[in-house]
>>> print(open('data.tsv').read())   # TSV, C-alpha atoms
chain	number	residue	atom	x	y	z
A	1	MET	CA	-22.40	-2.58	9.91
A	2	GLN	CA	-23.14	-6.08	8.55
A	3	VAL	CA	-24.82	-8.46	10.97
A	4	LEU	CA	-25.56	-12.16	10.80
A	5	LEU	CA	-28.44	-13.37	12.99
A	6	VAL	CA	-28.54	-17.08	13.87
A	7	ASP	CA	-31.48	-18.63	15.71
A	8	ASP	CA	-33.66	-21.67	15.04
A	9	GLU	CA	-36.73	-19.49	15.71
A	10	ARG	CA	-37.41	-18.29	12.17
A	11	GLU	CA	-40.22	-15.91	13.17
A	12	LEU	CA	-37.96	-14.29	15.74
A	13	ILE	CA	-34.95	-13.52	13.58
A	14	SER	CA	-36.84	-12.60	10.44
A	15	THR	CA	-38.78	-10.01	12.47
A	16	LEU	CA	-35.64	-8.83	14.26
A	17	SER	CA	-33.88	-8.46	10.91
A	18	GLU	CA	-36.76	-6.33	9.60
A	19	ARG	CA	-36.66	-4.12	12.71
A	20	LEU	CA	-32.88	-3.69	12.42
A	21	SER	CA	-33.29	-2.61	8.79
A	22	PHE	CA	-35.67	0.17	9.95
A	23	ARG	CA	-32.77	1.37	12.12
A	24	GLY	CA	-30.30	1.36	9.25
A	25	ILE	CA	-28.58	-1.93	10.17
A	26	ALA	CA	-28.20	-4.51	7.39
A	27	SER	CA	-28.56	-8.10	8.49
A	28	ASP	CA	-28.90	-11.61	7.10
A	29	TRP	CA	-30.48	-14.43	9.05
A	30	VAL	CA	-30.16	-18.20	9.11
A	31	THR	CA	-31.85	-20.83	11.25
A	32	SER	CA	-28.91	-23.18	11.85
A	33	GLY	CA	-25.26	-23.14	12.78
A	34	GLU	CA	-24.41	-25.07	9.63
A	35	GLY	CA	-26.18	-22.44	7.50
A	36	ALA	CA	-24.30	-19.70	9.36
A	37	ILE	CA	-20.92	-21.20	8.43
A	38	ASP	CA	-21.90	-21.20	4.74
A	39	ASN	CA	-22.87	-17.52	4.97
A	40	ILE	CA	-19.71	-16.55	6.85
A	41	LYS	CA	-17.50	-18.22	4.23
A	42	GLU	CA	-19.23	-16.31	1.44
A	43	LYS	CA	-19.76	-12.89	2.96
A	44	GLN	CA	-18.03	-10.42	5.27
A	45	TYR	CA	-19.88	-9.75	8.53
A	46	ASP	CA	-18.88	-7.49	11.42
A	47	ILE	CA	-21.01	-9.17	14.06
A	48	ALA	CA	-22.79	-12.48	14.59
A	49	VAL	CA	-25.73	-12.62	16.98
A	50	LEU	CA	-26.03	-16.26	18.06
A	51	ASP	CA	-28.70	-18.11	19.97
A	52	ILE	CA	-26.92	-20.42	22.40
A	53	LYS	CA	-29.42	-23.30	22.31
A	54	MET	CA	-29.97	-24.58	18.79
A	55	PRO	CA	-30.47	-28.08	17.43
A	56	GLY	CA	-27.35	-29.39	15.71
A	57	LEU	CA	-24.51	-26.93	16.15
A	58	SER	CA	-25.05	-24.91	19.35
A	59	GLY	CA	-24.25	-21.20	19.54
A	60	ILE	CA	-21.13	-21.90	21.63
A	61	GLU	CA	-19.86	-24.52	19.13
A	62	LEU	CA	-20.65	-22.19	16.26
A	63	ALA	CA	-18.73	-19.34	17.92
A	64	LYS	CA	-15.61	-21.56	18.12
A	65	LYS	CA	-15.89	-22.32	14.40
A	66	ILE	CA	-16.47	-18.66	13.55
A	67	ARG	CA	-13.34	-17.70	15.49
A	68	ASP	CA	-11.35	-20.22	13.43
A	69	ILE	CA	-12.71	-18.88	10.12
A	70	LYS	CA	-13.02	-15.16	10.92
A	71	PRO	CA	-11.09	-14.31	14.11
A	72	ASP	CA	-12.00	-10.60	13.88
A	73	MET	CA	-15.73	-11.13	13.77
A	74	LYS	CA	-17.51	-10.01	16.95
A	75	ILE	CA	-20.02	-12.23	18.67
A	76	ILE	CA	-23.06	-11.51	20.80
A	77	PHE	CA	-24.82	-14.48	22.39
A	78	VAL	CA	-28.56	-14.57	22.96
A	79	THR	CA	-30.09	-16.96	25.44
A	80	GLY	CA	-33.50	-18.01	26.67
A	81	HIS	CA	-31.85	-19.24	29.86
A	82	GLY	CA	-30.50	-17.19	32.72
A	83	SER	CA	-32.04	-15.86	35.88
A	84	ALA	CA	-33.37	-12.35	36.39
A	85	ALA	CA	-30.33	-11.63	38.58
A	86	ASP	CA	-27.93	-12.67	35.81
A	87	PHE	CA	-29.56	-10.32	33.40
A	88	GLU	CA	-30.49	-7.53	35.74
A	89	ALA	CA	-28.53	-5.04	33.71
A	90	GLY	CA	-29.84	-6.49	30.47
A	91	SER	CA	-26.57	-8.11	29.52
A	92	VAL	CA	-23.67	-10.03	30.97
A	93	GLN	CA	-20.11	-9.79	29.78
A	94	SER	CA	-17.77	-12.74	30.12
A	95	GLY	CA	-14.34	-12.21	28.61
A	96	GLU	CA	-14.87	-10.86	25.13
A	97	ASP	CA	-18.39	-12.20	24.82
A	98	TYR	CA	-21.67	-10.44	25.44
A	99	TYR	CA	-24.80	-12.28	26.47
A	100	LEU	CA	-28.28	-10.88	26.01
A	101	ALA	CA	-31.45	-12.40	27.44
A	102	LYS	CA	-34.59	-13.21	25.48
A	103	PRO	CA	-36.98	-11.47	24.94
A	104	LEU	CA	-34.56	-9.02	23.37
A	105	ASN	CA	-34.53	-5.28	23.87
A	106	ILE	CA	-33.62	-4.00	20.39
A	107	ASP	CA	-32.13	-0.75	21.68
A	108	LEU	CA	-29.88	-2.68	24.05
A	109	LEU	CA	-28.88	-5.04	21.23
A	110	ILE	CA	-27.87	-2.12	19.01
A	111	GLU	CA	-26.01	-0.51	21.92
A	112	LYS	CA	-24.05	-3.75	22.44
A	113	MET	CA	-23.35	-4.03	18.71
A	114	GLN	CA	-21.87	-0.52	18.71
A	115	GLU	CA	-19.91	-1.30	21.88
A	116	VAL	CA	-18.28	-4.49	20.54
A	117	LEU	CA	-17.29	-2.74	17.34
A	118	LYS	CA	-15.47	0.07	19.15
B	119	MET	CA	-36.68	-51.02	47.96
B	120	GLU	CA	-34.82	-48.33	49.87
B	121	LYS	CA	-31.92	-48.60	47.41
B	122	LYS	CA	-34.36	-48.06	44.51
B	123	TRP	CA	-35.69	-44.80	46.02
B	124	LYS	CA	-32.15	-43.59	46.63
B	125	VAL	CA	-31.76	-43.69	42.85
B	126	LEU	CA	-35.28	-42.58	41.90
B	127	GLY	CA	-35.31	-39.51	44.18
B	128	PRO	CA	-32.29	-37.65	42.75
B	129	GLU	CA	-32.94	-38.97	39.23
B	130	GLY	CA	-36.57	-37.82	39.41
B	131	LEU	CA	-35.55	-34.36	40.57
B	132	GLY	CA	-32.96	-34.22	37.79
B	133	PHE	CA	-35.63	-35.21	35.26
B	134	PHE	CA	-38.00	-32.55	36.61
B	135	GLY	CA	-35.21	-29.97	36.33
B	136	THR	CA	-34.26	-30.96	32.79
B	137	ILE	CA	-37.84	-30.84	31.55
B	138	THR	CA	-38.73	-27.53	33.24
B	139	ALA	CA	-35.50	-25.91	31.97
B	140	SER	CA	-36.18	-27.10	28.43
B	141	THR	CA	-39.84	-26.03	28.62
B	142	SER	CA	-39.04	-22.60	30.05
B	143	HIS	CA	-36.56	-22.10	27.19
B	144	GLU	CA	-39.31	-22.91	24.69
B	145	LEU	CA	-41.66	-20.52	26.47
B	146	LYS	CA	-39.03	-17.78	26.37
B	147	ASN	CA	-38.79	-18.30	22.61
B	148	ALA	CA	-42.54	-17.85	22.16
B	149	LEU	CA	-42.40	-14.68	24.28
B	150	ALA	CA	-39.39	-13.44	22.31
B	151	VAL	CA	-41.33	-13.79	19.03
B	152	ILE	CA	-44.32	-11.96	20.56
B	153	ASN	CA	-41.93	-9.26	21.79
B	154	GLU	CA	-40.36	-8.75	18.34
B	155	ASN	CA	-43.73	-8.62	16.60
B	156	SER	CA	-45.12	-6.20	19.14
B	157	GLY	CA	-41.99	-4.09	18.58
B	158	LEU	CA	-42.51	-4.30	14.84
B	159	LEU	CA	-46.09	-3.10	15.29
B	160	GLU	CA	-44.76	-0.17	17.31
B	161	ASP	CA	-42.23	0.59	14.53
B	162	TYR	CA	-45.06	0.75	11.98
B	163	MET	CA	-47.11	3.00	14.28
B	164	LEU	CA	-44.18	5.41	14.54
B	165	MET	CA	-43.87	5.37	10.74
B	166	ALA	CA	-47.59	6.10	10.44
B	167	ASP	CA	-47.15	8.99	12.90
B	168	ASP	CA	-44.45	10.33	10.58
B	169	GLY	CA	-46.94	10.27	7.72
B	170	MET	CA	-45.81	7.07	6.03
B	171	GLU	CA	-48.48	4.80	4.62
B	172	VAL	CA	-48.63	1.41	6.33
B	173	ASP	CA	-50.05	-1.56	4.46
B	174	PRO	CA	-52.97	-3.00	6.56
B	175	GLU	CA	-52.03	-6.44	5.21
B	176	LYS	CA	-48.69	-6.17	7.02
B	177	LEU	CA	-50.44	-5.28	10.28
B	178	SER	CA	-52.79	-8.20	9.85
B	179	ARG	CA	-49.82	-10.56	9.35
B	180	ILE	CA	-48.16	-9.28	12.55
B	181	SER	CA	-51.38	-9.72	14.51
B	182	SER	CA	-51.73	-13.26	13.19
B	183	ARG	CA	-48.12	-14.09	14.16
B	184	ILE	CA	-48.76	-12.81	17.70
B	185	SER	CA	-51.93	-14.93	17.97
B	186	THR	CA	-50.03	-18.02	16.80
B	187	GLN	CA	-47.34	-17.50	19.42
B	188	VAL	CA	-49.90	-16.87	22.18
B	189	ALA	CA	-51.52	-20.22	21.27
B	190	ARG	CA	-48.07	-21.84	21.28
B	191	ALA	CA	-47.25	-20.39	24.72
B	192	ASP	CA	-50.64	-21.53	26.03
B	193	ASP	CA	-49.95	-25.05	24.76
B	194	ILE	CA	-46.51	-25.05	26.44
B	195	VAL	CA	-47.99	-23.92	29.78
B	196	SER	CA	-50.79	-26.56	29.56
B	197	ARG	CA	-48.17	-29.22	28.89
B	198	LEU	CA	-46.05	-28.04	31.81
B	199	SER	CA	-49.11	-28.04	34.06
B	200	THR	CA	-50.03	-31.64	33.09
B	201	PHE	CA	-46.42	-32.63	33.73
B	202	ALA	CA	-46.42	-30.92	37.15
B	203	HIS	CA	-49.67	-32.69	38.10
B	204	SER	CA	-48.23	-36.08	37.13
B	205	VAL	CA	-46.90	-36.30	40.71
B	206	ASP	CA	-50.36	-35.79	42.25
B	207	HIS	CA	-51.17	-39.51	42.48
B	208	ILE	CA	-48.83	-42.41	43.14
B	209	LEU	CA	-51.00	-44.58	40.91
B	210	GLN	CA	-53.52	-43.41	38.34
B	211	GLU	CA	-55.38	-44.87	35.39
B	212	ILE	CA	-54.02	-43.00	32.37
B	213	GLU	CA	-54.68	-42.79	28.65
B	214	VAL	CA	-51.36	-44.19	27.41
B	215	GLY	CA	-51.41	-42.36	24.06
B	216	GLN	CA	-51.99	-39.00	25.73
B	217	PHE	CA	-49.06	-39.52	28.11
B	218	LEU	CA	-46.81	-40.82	25.33
B	219	GLN	CA	-47.55	-37.69	23.32
B	220	LEU	CA	-46.82	-35.60	26.42
B	221	ALA	CA	-43.46	-37.40	26.87
B	222	VAL	CA	-42.64	-36.69	23.20
B	223	ALA	CA	-43.61	-33.01	23.48
B	224	LEU	CA	-41.59	-32.60	26.69
B	225	SER	CA	-38.51	-34.23	25.17
B	226	LEU	CA	-38.69	-32.77	21.67
B	227	ARG	CA	-36.17	-29.93	22.18
B	228	ILE	CA	-33.72	-32.36	23.76
B	229	LEU	CA	-34.35	-34.85	20.95
B	230	ALA	CA	-33.78	-32.14	18.33
B	231	ALA	CA	-30.30	-31.63	19.78
B	232	ASN	CA	-29.79	-35.40	19.34
B	233	ASN	CA	-30.51	-35.76	15.62
B	234	VAL	CA	-34.24	-36.51	15.93
B	235	ASP	CA	-36.46	-34.34	13.76
B	236	ALA	CA	-39.74	-35.97	14.67
B	237	VAL	CA	-41.46	-38.81	16.47
B	238	ALA	CA	-44.22	-40.45	14.45
B	239	ALA	CA	-46.83	-41.86	16.81
B	240	THR	CA	-49.27	-44.56	15.74
B	241	GLY	CA	-51.88	-46.73	17.42
B	242	LEU	CA	-52.08	-44.55	20.50
B	243	LYS	CA	-55.86	-44.46	20.87
B	244	ASP	CA	-57.99	-46.07	23.57
B	245	VAL	CA	-55.19	-47.83	25.44
B	246	ARG	CA	-55.30	-47.37	29.19
B	247	ILE	CA	-53.11	-48.51	32.05
B	248	LYS	CA	-52.98	-47.95	35.79
B	249	THR	CA	-49.46	-46.87	36.66
B	250	SER	CA	-47.40	-44.10	38.21
B	251	PRO	CA	-47.82	-41.20	35.76
B	252	PHE	CA	-44.59	-39.41	36.73
B	253	LEU	CA	-42.40	-42.53	36.66
B	254	PHE	CA	-44.05	-43.51	33.36
B	255	LEU	CA	-43.12	-40.12	31.84
B	256	HIS	CA	-39.61	-40.38	33.25
B	257	LEU	CA	-39.01	-43.86	31.79
B	258	VAL	CA	-40.51	-43.05	28.37
B	259	SER	CA	-38.64	-39.70	28.11
B	260	ASN	CA	-35.33	-41.33	29.07
B	261	SER	CA	-35.98	-44.04	26.46
B	262	LEU	CA	-36.81	-41.45	23.78
B	263	ILE	CA	-33.64	-39.49	24.57
B	264	ALA	CA	-31.49	-42.65	24.54
B	265	CYS	CA	-32.96	-43.67	21.16
B	266	GLY	CA	-32.36	-40.11	19.92
B	267	ALA	CA	-28.71	-40.32	20.97
B	268	ALA	CA	-28.48	-43.59	19.01
B	269	SER	CA	-29.94	-42.00	15.87
B	270	SER	CA	-28.32	-40.90	12.65
B	271	ALA	CA	-28.82	-37.31	11.49
B	272	ARG	CA	-32.36	-36.02	10.87
B	273	ASN	CA	-33.98	-39.20	12.07
B	274	THR	CA	-37.65	-39.92	12.70
B	275	LEU	CA	-38.46	-42.34	15.52
B	276	GLN	CA	-41.62	-44.44	15.48
B	277	LEU	CA	-43.63	-44.72	18.65
B	278	SER	CA	-46.56	-47.06	19.15
B	279	CYS	CA	-48.36	-48.97	21.86
B	280	ARG	CA	-50.60	-52.00	22.09
B	281	GLU	CA	-52.60	-53.76	24.77
B	282	GLY	CA	-51.86	-57.26	26.00
B	283	SER	CA	-54.20	-60.09	25.10
B	284	LYS	CA	-56.21	-59.58	28.29
B	285	LYS	CA	-57.70	-56.14	29.01
B	286	LYS	CA	-56.29	-54.41	32.07
B	287	SER	CA	-53.25	-56.68	32.09
B	288	GLU	CA	-50.36	-55.00	30.33
B	289	VAL	CA	-49.35	-52.50	27.68
B	290	THR	CA	-46.37	-52.72	25.33
B	291	ILE	CA	-44.76	-49.49	24.15
B	292	SER	CA	-42.48	-49.75	21.12
B	293	LEU	CA	-39.85	-47.28	20.01
B	294	GLU	CA	-38.26	-48.01	16.65
B	295	GLY	CA	-35.97	-46.45	14.10
B	296	PHE	CA	-32.65	-45.82	15.85
B	297	GLN	CA	-29.53	-46.90	14.02
B	298	LYS	CA	-26.78	-47.22	16.60
B	299	VAL	CA	-26.26	-49.27	19.73
B	300	LEU	CA	-27.79	-47.66	22.83
B	301	THR	CA	-24.96	-46.46	25.06
B	302	ASP	CA	-25.20	-47.41	28.76
B	303	PHE	CA	-28.92	-47.93	28.44
B	304	PRO	CA	-30.82	-49.04	30.39
B	305	GLY	CA	-28.67	-47.57	33.16
B	306	PRO	CA	-29.18	-47.45	36.94
B	307	ALA	CA	-31.99	-44.85	36.67
B	308	GLU	CA	-33.96	-46.90	34.15
B	309	ASP	CA	-33.35	-50.11	36.13
B	310	ALA	CA	-34.83	-48.41	39.22
B	311	LEU	CA	-37.77	-47.06	37.17
B	312	LEU	CA	-38.45	-50.51	35.71
B	313	ILE	CA	-38.49	-52.04	39.21
B	314	ALA	CA	-40.77	-49.27	40.55
B	315	LEU	CA	-43.19	-49.72	37.65
B	316	ASP	CA	-42.86	-53.51	37.76
B	317	ALA	CA	-42.07	-53.19	34.05
B	318	LYS	CA	-39.73	-54.93	31.63
B	319	MET	CA	-37.57	-53.53	28.84
B	320	ARG	CA	-36.47	-55.37	25.73
B	321	VAL	CA	-33.82	-53.84	23.46
B	322	GLU	CA	-33.15	-55.27	19.99
B	323	PRO	CA	-30.22	-53.17	18.69
B	324	ASP	CA	-29.97	-55.00	15.33
B	325	ARG	CA	-33.61	-54.12	14.60
B	326	GLY	CA	-33.33	-50.64	16.12
B	327	ARG	CA	-36.19	-51.43	18.47
B	328	LEU	CA	-36.89	-50.92	22.15
B	329	GLU	CA	-39.96	-52.22	23.95
B	330	ILE	CA	-41.31	-51.40	27.38
B	331	ILE	CA	-43.85	-53.81	28.84
B	332	LEU	CA	-45.91	-52.18	31.57
B	333	PRO	CA	-48.31	-54.10	33.82
B	334	TRP	CA	-51.55	-52.78	35.28
B	335	LEU	CA	-50.67	-51.83	38.87
B	336	ASN	CA	-53.09	-52.02	41.77
>>> encode(input="data.tsv", output="structure tokens")
Amino acid sequence: MQVLLVDDERELISTLSERLSFRGIASDWVTSGEGAIDNIKEKQYDIAVLDIKMPGLSGIELAKKIRDIKPDMKIIFVTGHGSAADFEAGSVQSGEDYYLAKPLNIDLLIEKMQEVLK
Amino acid sequence: MEKKWKVLGPEGLGFFGTITASTSHELKNALAVINENSGLLEDYMLMADDGMEVDPEKLSRISSRISTQVARADDIVSRLSTFAHSVDHILQEIEVGQFLQLAVALSLRILAANNVDAVAATGLKDVRIKTSPFLFLHLVSNSLIACGAASSARNTLQLSCREGSKKKSEVTISLEGFQKVLTDFPGPAEDALLIALDAKMRVEPDRGRLEIILPWLN
């Protein structure tokens, strides 16, 4: 599984990337939507984990661009917004998209990654 | 007067909502970084339990990252608290520089989404004015956001303030460095804020400058 992590919080995704590697999941990380597009054009990823609120290109705008470039790539959104009720079960599914609330539960993230790839 | 409050009430609530939503998002980010680093620490402890050697330097770096984020979260909460208390008094003598910096900090995430990388503040020391702290923050934040929306990519805005010729008379706040024409600004909300603060606004689009002239209110 190849994962691309996109979030403007450098400390967050670099640490998350390290923790995923301990669990046998290879990931790259970038801190902007623009940087993510460069990576996606150059490399094959199975999943993109996108923060919704980012300066410049937002996660939602980035997802649209990703779907134009790589329609098969799966997307999981991460958000700092959302009420406790919205995220009671840890994630919300809307159409084909999954939303996870910050702070992330790494086990739940991996579970969702496996689920979207099925 | 009644008409003005009909605008200021809903606009003020909207401003409060925007700022608290943006601030809570920032707080969530700090907590998310703490959460990941605490998880990483746990990962290393499990590795140590399995007999793997863990570099103490790595543990020290994690601890330092957690401390940094705790300080960041504390700063965010202090800022939010000052903002919440800005409604405590209708009129209050304030340190203008301190409140301008608060307006910048509260608006920074919104500004970042609008091409502004930074706001360089100068000449903000020892200038005081008696005004409505909440309406002051609302007007300055709206002005910052409007100037951000009129900025080219990766812009830095310049913010400064100066006292009028007579002490305790008026203060002029200048915002400079935007490149485009301000769209629909000042609008009805800003017009109502200017009336409530008895203030004036001067926009010079060709020079990329906006000035707010605030009088000392009694």
>>> closest_atom_pairs(input="data.tsv", of="chain A", to="chain B", cutoff="6 Å", atoms="only C-alpha atoms", output="Markdown table")
| residue | atom | partner | partner_atom | distance |
| --- | --- | --- | --- | --- |
| A:Leu12 | CA | B:Val151 | CA | 4.7 |
| A:Pro55 | CA | B:Ala231 | CA | 4.3 |
| A:Gly56 | CA | B:Ala231 | CA | 5.5 |
| A:Gly80 | CA | B:His143 | CA | 5.1 |
| A:Lys102 | CA | B:Ala150 | CA | 5.8 |
| A:Pro103 | CA | B:Ala150 | CA | 4.1 |
>>> atom_distance(input="data.tsv", atom1="CA of Glu211 in chain B", atom2="CA of Ser225 in chain B")
22.4 Å
>>> atom_distance(input="data.tsv", atom1="CA of Glu171 in chain B", atom2="CA of Met1 in chain A")
27.6 Å
>>> closest_residue(input="data.tsv", among="B:Leu218, B:Ala191, B:Ala202, B:Leu164", to="Leu257 in chain B", atoms="all atoms listed in the file")
B:Leu218
>>> atom_distance(input="data.tsv", atom1="CA of Glu42 in chain A", atom2="CA of Lys70 in chain A")
11.4 Å
>>> closest_residue(input="data.tsv", among="A:Leu16, A:Leu57, A:Ile69, A:Leu50", to="Tyr98 in chain A", atoms="all atoms listed in the file")
A:Leu50
>>> closest_residue(input="data.tsv", among="B:Asp193, B:Glu294, B:Asp167, B:Glu288", to="Thr249 in chain B", atoms="all atoms listed in the file")
B:Glu288
>>> residues_near_point(input="data.tsv", point="(-44.0, -51.5, 19.9)", cutoff="8 Å", atoms="all atoms listed in the file", output="ChimeraX atom specification")
/B:277-280,290-294,327-330
>>> write_last_selection(input="data.tsv", atoms="C-alpha atoms", output="compact mmCIF listing (two decimals), in the coordinates of the input")
# COMPACT_ATOMS: atom_id res chain seq x y z
CA LEU B 277 -43.63 -44.72 18.65
CA SER B 278 -46.56 -47.06 19.15
CA CYS B 279 -48.36 -48.97 21.86
CA ARG B 280 -50.60 -52.00 22.09
CA THR B 290 -46.37 -52.72 25.33
CA ILE B 291 -44.76 -49.49 24.15
CA SER B 292 -42.48 -49.75 21.12
CA LEU B 293 -39.85 -47.28 20.01
CA GLU B 294 -38.26 -48.01 16.65
CA ARG B 327 -36.19 -51.43 18.47
CA LEU B 328 -36.89 -50.92 22.15
CA GLU B 329 -39.96 -52.22 23.95
CA ILE B 330 -41.31 -51.40 27.38
>>> residues_around(input="data.tsv", residues="Cys265 in chain B", least_positions_apart="2", cutoff="9 Å", atoms="only C-alpha atoms", output="PyMOL selection string")
chain B and resi 229+234+260-263+267-269+275+293-300+326-328
>>> residues_near_point(input="data.tsv", point="(-18.3, -7.5, 11.2)", cutoff="12 Å", atoms="all atoms listed in the file", output="PyMOL selection string")
chain A and resi 1-5+25-27+40+43-49+66+70-76+113-114+116-118
>>> closest_residue(input="data.tsv", among="B:Ala239, B:Ile331, B:Leu224, B:Leu312", to="Val195 in chain B", atoms="only C-alpha atoms")
B:Leu224
>>> axis_aligned_box(input="data.tsv", around="range 148-167 of chain B", padding_each_side="3 Å", output="JSON")
{"center_x": -43.5, "center_y": -4.4, "center_z": 17.4, "size_x": 14.2, "size_y": 32.8, "size_z": 19.8}
